[in-house]
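Peer 1: My structure is stored as coords-v6.cif, with mmCIF, C-alpha atoms.
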```cif
data_model
loop_
_atom_site.label_atom_id
_atom_site.label_comp_id
_atom_site.auth_asym_id
_atom_site.auth_seq_id
_atom_site.Cartn_x
_atom_site.Cartn_y
_atom_site.Cartn_z
CA MET H 1495 -8.56 -2.92 6.51
CA GLY H 1496 -5.19 -1.91 5.15
CA LEU H 1497 -3.38 -5.19 5.70
CA ALA H 1498 -3.07 -6.22 2.06
CA LEU H 1499 0.27 -4.45 1.58
CA PRO H 1500 1.96 -5.81 4.72
CA PHE H 1501 0.83 -9.34 3.84
CA ALA H 1502 2.02 -8.92 0.24
CA LEU H 1503 5.39 -7.62 1.42
CA GLY H 1504 5.85 -10.68 3.62
CA LEU H 1505 4.90 -12.98 0.76
CA ALA H 1506 7.27 -11.20 -1.63
CA ALA H 1507 10.10 -11.47 0.90
CA VAL H 1508 9.75 -15.23 1.42
CA GLN H 1509 8.96 -16.06 -2.23
CA PRO H 1510 11.48 -13.91 -4.17
CA ASP H 1511 11.04 -15.96 -7.36
CA GLN H 1512 7.28 -15.36 -7.47
CA ARG H 1513 5.65 -12.16 -8.73
CA VAL H 1514 3.37 -10.62 -6.09
CA VAL H 1515 0.68 -8.10 -7.07
CA VAL H 1516 -1.35 -6.34 -4.39
CA VAL H 1517 -4.39 -4.09 -4.80
CA GLU H 1518 -4.86 -1.61 -1.95
CA GLY H 1519 -7.25 1.27 -1.43
CA ASP H 1520 -6.13 4.71 -0.36
CA GLY H 1521 -8.11 4.48 2.88
CA GLY H 1522 -6.53 1.15 3.75
CA LEU H 1523 -3.06 2.40 2.91
CA LEU H 1524 -3.56 5.38 5.20
CA MET H 1525 -4.48 2.99 8.03
CA HIS H 1526 -1.11 1.23 7.75
CA MET H 1527 1.10 3.81 6.05
CA GLY H 1528 4.16 2.45 7.81
CA ALA H 1529 3.99 -0.49 5.41
CA LEU H 1530 5.30 1.83 2.67
CA ALA H 1531 8.43 2.50 4.73
CA SER H 1532 8.89 -1.26 5.13
CA VAL H 1533 8.52 -1.76 1.37
CA GLY H 1534 11.16 0.93 0.85
CA ALA H 1535 13.53 -0.74 3.29
CA VAL H 1536 13.10 -4.25 1.86
CA ALA H 1537 12.81 -3.06 -1.78
CA PRO H 1538 11.38 -6.32 -3.18
CA GLN H 1539 11.81 -6.45 -6.96
CA ASN H 1540 8.93 -8.92 -7.27
CA LEU H 1541 6.23 -6.72 -5.65
CA THR H 1542 3.80 -4.59 -7.65
CA ILE H 1543 1.39 -2.28 -5.80
CA ILE H 1544 -1.83 -1.11 -7.44
CA LEU H 1545 -3.49 1.72 -5.52
CA ILE H 1546 -7.19 2.47 -5.88
CA GLN H 1547 -7.43 6.14 -5.02
CA ASN H 1548 -11.14 6.84 -4.61
CA GLY H 1549 -10.96 9.21 -1.63
CA VAL H 1550 -13.04 7.14 0.79
CA HIS H 1551 -12.80 4.47 3.47
CA ALA H 1552 -14.85 2.05 1.36
CA ALA H 1553 -14.63 -0.91 3.76
CA SER H 1554 -16.28 1.02 6.57
CA GLY H 1555 -19.17 2.68 4.80
CA GLY H 1556 -17.62 5.12 2.37
CA GLN H 1557 -16.60 7.91 4.73
CA PRO H 1558 -14.54 10.50 2.85
CA LEU H 1559 -10.83 10.76 3.59
CA THR H 1560 -9.75 13.93 5.34
CA ASN H 1561 -6.58 14.09 3.23
CA LYS H 1562 -7.86 12.88 -0.13
CA ASP H 1563 -5.40 15.10 -2.02
CA LEU H 1564 -2.34 13.32 -0.63
CA ASP H 1565 0.19 12.53 -3.38
CA PHE H 1566 0.83 8.84 -2.76
CA ALA H 1567 3.44 8.60 -5.53
CA LYS H 1568 5.58 11.29 -3.91
CA LEU H 1569 5.07 9.69 -0.52
CA ALA H 1570 6.20 6.30 -1.81
CA GLN H 1571 9.23 7.82 -3.56
CA SER H 1572 10.27 9.61 -0.39
CA LEU H 1573 10.21 6.29 1.49
CA GLY H 1574 12.39 4.48 -1.03
#
```
Rewrite the structure from the file as structure tokens, please.

Peer 2:
Amino acid sequence: MGLALPFALGLAAVQPDQRVVVVEGDGGLLMHMGALASVGAVAPQNLTIILIQNGVHAASGGQPLTNKDLDFAKLAQSLG
């Protein structure tokens, strides 16, 4: 859970001429939030991130997130 973005970043880095689109859930992104800092540092122009913000950890049974009101757009902007 949460590894889609790190994998997509690696793919975008080694295939700069290919468009990479990744779909990630908010629960998964919270599991590996450091990946956003890596995206900010690498700044791949060929990577598009689509975030499904449904407020739950869907892959593990739908438990609600404790911080479901987190502003992911502001977080991503602050990381570059």

Peer 1: In terms of the shortest atom-to-atom distance over all atoms listed in the file, which of H:Ala1535, H:Ala1502, H:Ala1553, H:Leu1524 is closest to Asp1565 of chain H?

Peer 2: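 Of H:Ala1535, H:Ala1502, H:Ala1553, H:Leu1524, the one nearest Asp1565 of chain H, counting all atoms listed in the file, is H:Leu1524.
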
Peer 1: Applied to this file, what does the PyMOL selection byres ((chain H and resi 1526) around 10) return in terms of residues, put as a VMD selection string?

Peer 2: chain H and resid 1495 to 1500 1521 to 1525 1527 to 1530

Peer 1: Quick one, how far is atom CA of Leu1545 of chain H from atom CA of Val1516 of chain H?

Peer 2: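 Distance between the two atoms: 8.4 Å.
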
Peer 1: Excluding Gln1547 of chain H and any residue of its chain fewer than 6 positions from it, enumerate the residues within 12 Å of it, using all atoms listed in the file, and give them as a PyMOL selection string.

Peer 2: chain H and resi 1517-1524+1558-1559+1561-1567

Peer 1: Quick one: residues within 12 Å of (4.4, -5.9, -9.0) (file frame), counting all atoms listed in the file, please, as a PyMOL selection string.

Peer 2: chain H and resi 1499+1502-1503+1506+1510+1512-1517+1533+1537-1545
